[in-house]
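Novice: This is the structure I have questions about; it appears just below.
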Amino acid sequence: MIKAKKYWKGLAELNNDPIVEKLAQNEFVEDIPVDDFLGDSDLGSGSTSRRDFLKFLGFSTAAATLAACEAPVNKVIPYVVKPDEIIPGVANYYASTIYDGHDFASVLVKTREGRPIKIEPNKTATNARVQASVLSMYDSARLKNPMKGKVDTDWETIDADIISKLEKISTDKGKNIALLTSTIISPSTEKLISGFSEKYGNVRHVQMDTISHHGMLEANKSTFGVRALPTYHFDKADVIVSFGADFLGNWGSTDYATDYANGRNPNKKMSKHYQIESTLTLTGSNADERIPIKPSEQAGLLYSLYNDLNGVGTADSRISKIVEALKSVNSSIVVCNSNDKDVQLLVNSINKKLGNYKITIDISNPSYLRKGNDDDVANLISDMNIGNIDALITYNVNPSYTLVNAHDFNTGLSKVGMKVSSSLYMDETATKMDYVCPDNHNLESWGDANPSNGIYTLMQPTINPLFNGRQFQDSLLSWTNNSKEYYNYIQSHYMNDDKHLEQPGISLISDEPDWNKKLHDGYFITENREEYNSDNEIFSAPYFPLLSSEDIEFEISEKISMGDGSQSNNPWLQELPDPLSRACWDNYLTISASNARDLGIKNWNVSNGALNGSMVNITVDGYELKNVPVMIQPGQAVGTVSLAVGYGRTHAGKCGGDVSEGVKPIGHNAYPLSNGGVAKIEVVEGTHEFAATQLHHTMMGRDIVKETTLAEYIKNPASGNHTDLYHTHDGKKKASEVSLWDEHDHETGHFWNLSIDLTACNGCAACVVSCHAENNVPVVGKEEVRKSRDMHWLRIDRYFSSDMTKEKSEKENISAITMYADMENPSDSPETVYQPVMCQHCNHAPCETVCPVAATSHGMEGQNHMAYNRCVGTRYCANNCPYKVRRFNWFQYSDNNQFDYNMNDDYGKMVLNPDVVVRSRGVMEKCSMCIQKIQEIKLTAKKDGKKVADKDAQTACSSVCATNAIVFGDANDESHKINELKEDSRKYDLLDHLNVAPSVFYQTKIRNKA
Amino acid sequence: MQKEAEIRDPLILGNKSYHDITKDVSLPVEGKANKYWWILFSLSAALMLWGFACMAYTIGTGIGVWGNNNTVGWAWDITNFVWWIGIGHAGTLISAVLLLFRQKWRMSINRSAEAMTIFGVAQAALFPLIHMGRPWLAYYVFPIPNQFGSLWVNFNSPLLWDVFAISTYFSVSVVFWYIGLIPDFAMIRDRMSAKISPMRKKLYSLLSFGWSGKSKHWQRFELVSLVLAGLATPLVFSVHSIVSMDFATSVIPGWHTTIFPPYFVLGALFSGFAMVETLLIIMRKVVNLESYITIKHIEYMNVIILLTGSLVGTAYITELFMSWYSGVEFEQYAFINRATGPYWWAYAIMMTCNVLTPQLYWIGAIRKSFVWTFILSIFVNIGMWFERFVIIVTSLHRDYLPSSWTMYSPTFVDIGIFLGTIGFFFTLFLLYSRTFPVIAQAELKTILKSSGSEYKNK
């Protein structure tokens, strides 16, 4: 500090006038202890100037401010002792099983750092819902604690309560306990349940299916003495006739799609597939010929088919072709979706007559995936209503939502003494229960399954339970006072149980190492199967007249995405477009164009293209649904309407609908209309807003999906695969031979190619969900989908045929303007094609040339790369993409309350693949050909000192494709199958005239039709 | 004194003296603004602020607040961009090309036309910036040395060419404009009283670069003007050619066409002249320039509009012909869809406003009418906006794969930003009209006396 100068305040002070001294002393009445803090004699001689002081002040203020702006703290908890099997950055795969009472699959679960993030098929194929189930595990809407009377409690309390009440009931004579479960395919659970029954006595175990197969099961019981579904071999059939059974989508095993595709290889043998149905299903859309009928006509048609086969009369003219085809081949399959026992008896007789048993239909190795018994359920409900049931324990079912007579169930439920639910969610049923026991998700549980005779799969947890749940089997163990853990229970079940002996004295699983091996494989097959004796078969053919009516008939349908609605709160599935209508986030009444016209129902596009539609009130069998949106669906039989189940959930969660949180249900619950019948439809005021990812349904006469018939294909394998030639100075040439471009070097290293077989692809959309999971594709919600901003990297385009063709317009002299206008309308009963489209990884990529900052550029291995952190978001690349596969981040889709889906949820975010960056707002994204997977397989191969093996080269879409339609591989490696496909005469490039030289190519669609 | 045929109509009416011109030109700068100016200014500024708010909302939230989608990646953003760039075209043409061709009539209008160019290009330049998903990284588009390793811009991309074309055009236009302003700023400076408005006098002194009107100054002034006119002339053709290449080099039917460079340049001149007319017809009334901006000027511009409008119409028809003649179904459908598809109304507006209504200028009475010209100039402005909308949106909304076909509809933000740029443009123009000499008076004085004036005055 600068030495203080002496200043004087006035002449008086200067002159040392005593008054100054006096006043100065009086300034403070009391003495101020100035000397105490200014006592430091060095203070006056300090060197801190005023400027220095301000510097210090400034610095400390700035420092304090900076210190306050601390970056948000994210907690990372390191392993104290690293588990041996977990190496950060390296995925572990565990074989397991997914079975939610509706869908079954043997799977491999990919885990990263202890988190399951992806499901791959193992013994069986997977469908879209199985693929999505990994996200359902991370659903924060799941039950977190056991609840007693809507209040969280602990397991000890709940167990004590339940056990004491059960014991009381069991000691009282005439009191009944009922267990209402989904179909149980776990042998150890069955044993547990019988143990439970033994302990408490008078326990009734009732199984139910959301989509009942009771009629078929009963028919098989009466025909074959086996209450089970047969195993179908669609690959062995020459003619497949399906009366409404959606075996590629939702009916039966996920393996049927694989079998079906195997039986339809145009180079070997291609089956002929007829579908006779009312509502266009995935299976129907793949049929060679499809005959739309009313539900009431089904039985009569089957009977006329039966008669014709037996030489009694001729079949109805609509199916006479089918009868001929059936008669002309050795092996065939006739399946039917009817839930009427008599109809299924008739179907069995038809198959018997055709000699299909033991060839294409295997009843000696039946499938146990459906066991539900409608009679048992009906008895249970009536007993509940008369007060005969004193305790009801439900497991893995949601009868208040899925039952056709849910109302009766609910009234009965109020008369049950003790109501216990073991479920994943506080669902429609659980909310009415006294005790709610949170179940564990498949991926958190131990388990076993016996999906069909001789085949066993095991389920193992891939993560510690996320919440304070307990799997039902463990609950049963504690309610039967068994101190064993379920894991040990299963083990001892297979090792010691008498019933499961390979040979007398040898159990299915011999010892610990054998158990470990089987657990590692995820499944095992045994020759020790339940014997089937075909001597006692009794076939009968109940008579059905061929009905016809003028009424509009209703039937329920099931969507690929939503299934029975148990995963309704899964945003991946909600946003998965229906393969046929291409709409998501909705269910709607589907109706034919002519019925819609008659009723005054309209679908129209608003100014931004989004689809709107009329709404109706529909009454079926006295049950009315109000304000149901209607979609005009080509292929819907005239005089029929249909509504998908799985929607209208009132207690699913923030995504699927939760009235307790004020989230409106999505769509309407169609289960109460399950029985079908005559529909009374009344158009009401109001407009419904659909969210469809495809607004235009025909190919407009363009060569987008190239197709031919089998007969033509046999004559000329290149038929249908027409390529235009262009005049040059050097004669006529293909577009690919005329190029302005310098070619990239594709000889060195890998050259990754992807082939998509349009004959094999059935549009099941498992690949779409798989891509979502692998690549952290965001969910954007209904409003954004309506704005044509869905983010799917891989979409499955669906085109319907139109009555107007170029040939027709030429022949009839129709002007181009009229022709194109007419081409926009699909036929009423169209042919359907599916075409998966992702980034085509062009080797002359239009997107690459136009990006001003080179954010998208060509890779060394044939891919088109996207450098997110270089992208400034001009969207020029997307405009210039002829395939329109690029997806722009219009908003911030993660950690944004406007997009409250899995990426805005601490649990939901755990499913994110750590190998793939989560894109921020303003950047362009698209299919990367799973670059992270390619990198991984390359590194693994390099470490092993080997070439990348054909089977290891997989993308997310190719690895889950049940029909092997998507094949990925290295075109520079002769051993890869992709080379064969690249040379195939069916191979073509989409929009080949542009000569963008894609690395993705297609194989022509071949139909087995005249 | 200029030599001029006696039968030509005079370019300056009202027997003005040199001093009259000085007074008339400096009056708006020196005087107080009238009520109409304030009304217009408040309106424009309000629109501008609303536009800025919409831009801030876009940048803060995401491009999703616009109506664009994955199929229609560009819509009003690039439509507005091309429209404003087009409007900016007439200025350079008037000041550079007409200078080289010794068209004296340009002198009354070139200053404002150039101002319009600069303000128009400034609006246009906003759009490439705000249409980006991440505008804060806009500097990535400049080839500046960076720490990202060897990361460089993509010289193949027409968007990068745009960056160079627009920045060159903008800088040359500003320099050219400024050179012309120097003697006029000096004139205002000289008229300013150092006592009454010392700050303004100082400002205009700075702006006039010490101009003192020496012969040497005039000589250099003439020379620089000529050199810059020579430099600017090719820019008139290059800028819009390059803008058109954003579309012409793509693979999208309706975009991928070699006719675009001349077609866009003509369209730009067409719309530029229309906007000059719109502005000048208002300005001659508002700042009392009736003597300088006469029906003769308007008629000359109308002739150019008639010519360029007809050429643009020819281009439209050539496009239709080529799509049919090409035999390519995608091309054919693109044009059938334009004319008869869901956006037929946009195509009809474009055809009516750009091809049909300018043909009215064949009629002398309409060509020589301020009212008609004003109305028709607005028509052209609208028509040319729709031309860009038709090219961008109707080509994108239905391209190759029908599965991706959709539609586009603007949101309030799209509209807000467009109106905002109009507000911004008029705000700048109104400020300009109160602070700049709106007529190149120094040049204009060279044609005040012509050889035929005695005859004309009879």
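Every chain in the structure tokens takes a letter, A first, then B, and so on in the order presented; its residues are numbered from 1, and the ligands are numbered from 1 following the presented order.
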Could you please select, counting only C-alpha atoms, the residues of chain A within 7 Å of chain B and state them as number ranges by chain?
Specialist: A: 607-609, 694-699, 787-789, 797, 817, 849-854, 872-875, 878-880, 882-884, 887-888, 890-891, 921-923
Novice: With only C-alpha atoms as the atoms that count, which of A:Tyr7, A:Trp446, A:Tyr532, A:Tyr486 lies nearest to Ile98 in chain A?
Specialist: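 Once distances to Ile98 in chain A are computed over only C-alpha atoms, the minimum belongs to A:Trp446.
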Novice: Using DSSP on the backbone coordinates, identify all residues within range 188-340 of chain B classified as alpha helix (DSSP H); present the result as a PyMOL selection string.
Specialist: chain B and resi 188-191+198-207+215-248+260-286+295-326+329-340
Novice: Which is closer to Asp564 in chain A than all the others in A:Ala670, A:Ile934, A:Leu282, A:Ile632, using only C-alpha atoms?
Specialist: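 Ranking A:Ala670, A:Ile934, A:Leu282, A:Ile632 by distance to Asp564 in chain A, first place goes to A:Ala670.
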Novice: Could you give me, as number ranges by chain, the residues within 10 Å of range 746-759 of chain A, counting only C-alpha atoms and dropping anything in the same chain fewer than 6 positions from it?
Specialist: A: 261, 264-266, 286, 705-707, 833-837, 840-841, 843, 859-863, 929, 934, 938, 948, 953-955, 958, 963-973, 977-979, 981-982, 986-989, 998-1007
Novice: Using CA of Leu573 in chain A and CA of Ala956 in chain A as the two end points, give the distance in Å to one decimal.
Specialist: 16.7 Å
Novice: Please extract the residues of range 270-303 of chain A with a backbone DSSP assignment of strand (DSSP E or B) and present them as a PyMOL selection string.
Specialist: chain A and resi 270+272-277+289-292
Novice: Grab the residues selected above and save them as an mmCIF file, in the first residue's frame with C-alpha atoms.
Specialist:
```cif
data_model
loop_
_atom_site.group_PDB
_atom_site.id
_atom_site.type_symbol
_atom_site.label_atom_id
_atom_site.label_comp_id
_atom_site.auth_asym_id
_atom_site.auth_seq_id
_atom_site.Cartn_x
_atom_site.Cartn_y
_atom_site.Cartn_z
ATOM 1 C CA MET A 270 -41.508 -73.566 -54.110
ATOM 2 C CA LYS A 272 -47.959 -72.801 -53.428
ATOM 3 C CA HIS A 273 -49.710 -70.833 -50.752
ATOM 4 C CA TYR A 274 -53.412 -70.018 -50.658
ATOM 5 C CA GLN A 275 -54.852 -67.831 -47.957
ATOM 6 C CA ILE A 276 -58.575 -67.610 -47.371
ATOM 7 C CA GLU A 277 -59.266 -64.849 -44.870
ATOM 8 C CA GLU A 289 -53.317 -66.362 -54.035
ATOM 9 C CA ARG A 290 -55.589 -64.822 -51.496
ATOM 10 C CA ILE A 291 -59.338 -65.238 -51.366
ATOM 11 C CA PRO A 292 -61.209 -62.718 -49.229
#
```
Novice: Per residue of range 708-788 of chain A within 10 Å of range 234-258 of chain A, what are the shortest atom pair and its distance in Å to one decimal, counting only C-alpha atoms, with rows by chain and residue number, as CSV?
Specialist:
```
residue,atom,partner,partner_atom,distance
A:Ala760,CA,A:Thr258,CA,9.1
A:Cys761,CA,A:Ala257,CA,9.5
A:Asn762,CA,A:Leu248,CA,7.7
A:Gly763,CA,A:Gly249,CA,9.2
A:Cys764,CA,A:Gly249,CA,6.7
A:Ala765,CA,A:Gly249,CA,9.9
```
Novice: Dump C-alpha atoms for the selected residues as an mmCIF file, in the first residue's frame?
Specialist:
```
data_model
loop_
_atom_site.group_PDB
_atom_site.id
_atom_site.type_symbol
_atom_site.label_atom_id
_atom_site.label_comp_id
_atom_site.auth_asym_id
_atom_site.auth_seq_id
_atom_site.Cartn_x
_atom_site.Cartn_y
_atom_site.Cartn_z
ATOM 1 C CA ALA A 760 -38.048 -64.610 -48.753
ATOM 2 C CA CYS A 761 -38.868 -61.364 -46.945
ATOM 3 C CA ASN A 762 -42.322 -61.555 -45.430
ATOM 4 C CA GLY A 763 -42.357 -58.113 -43.858
ATOM 5 C CA CYS A 764 -42.322 -59.310 -40.237
ATOM 6 C CA ALA A 765 -40.339 -56.250 -39.081
#
```
Novice: What's the 7 Å shell around Val29 in chain B, counting only C-alpha atoms, without same-chain residues fewer than 2 positions away, as an MDAnalysis selection string?
Specialist: chainID B and resid 26:27 31 434:436
Novice: Can you tell me, as a list of chain:residue names, what residues are no more than 9 Å from Tyr907 in chain A when counting only C-alpha atoms, ignoring any on the same chain fewer than 6 positions away?
Specialist: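 What passes the distance filter is A:Met137, A:Tyr138, A:Asp139, A:Ser140, A:Leu466.
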Novice: With distances taken over only C-alpha atoms, which of B:Glu290, B:Glu387, B:Glu331, B:Glu319 is nearest to Ser108 in chain B?
Specialist: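 Of the candidates, the smallest distance to Ser108 in chain B is held by B:Glu290.
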Novice: Quick one: residues within 7 Å of range 88-96 of chain B, only C-alpha atoms, excluding same-chain residues fewer than 3 positions away - as a PyMOL selection string?
Specialist: chain B and resi 84-85+99-100+106+110+113-114+116-118+120-121+173+229+232-233+236+268-269+272-273
Novice: Grab the CA of Phe176 in chain B to CA of Val224 in chain B distance for me, in Å with one decimal place.
Specialist: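 So the answer is 8.7 Å.
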Novice: What does the structure give for the distance between CA of Ser829 in chain A and CA of Thr590 in chain A, in Å to one decimal?
Specialist: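 Separation between CA of Ser829 in chain A and CA of Thr590 in chain A: 13.6 Å.
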Novice: Write out as a list in words which residues come within 8 Å of Gly14 in chain B when counting only C-alpha atoms, dropping same-chain ones fewer than 2 positions away.
Specialist: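 Neighbouring residues, sequence-local ones excluded: Ile12, Lys16 and Ser291 of chain B.
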Novice: Write to file, as a PDB file, in the first residue's frame, the residues of the selection just made, with C-alpha atoms.
Specialist:
```pdb
ATOM      1  CA  ILE B  12     -35.747  14.491 -65.365  1.00  0.00           C
ATOM      2  CA  LYS B  16     -34.760  21.243 -62.246  1.00  0.00           C
ATOM      3  CA  SER B 291     -39.386  14.338 -61.011  1.00  0.00           C
TER       4      SER B 291
END
```
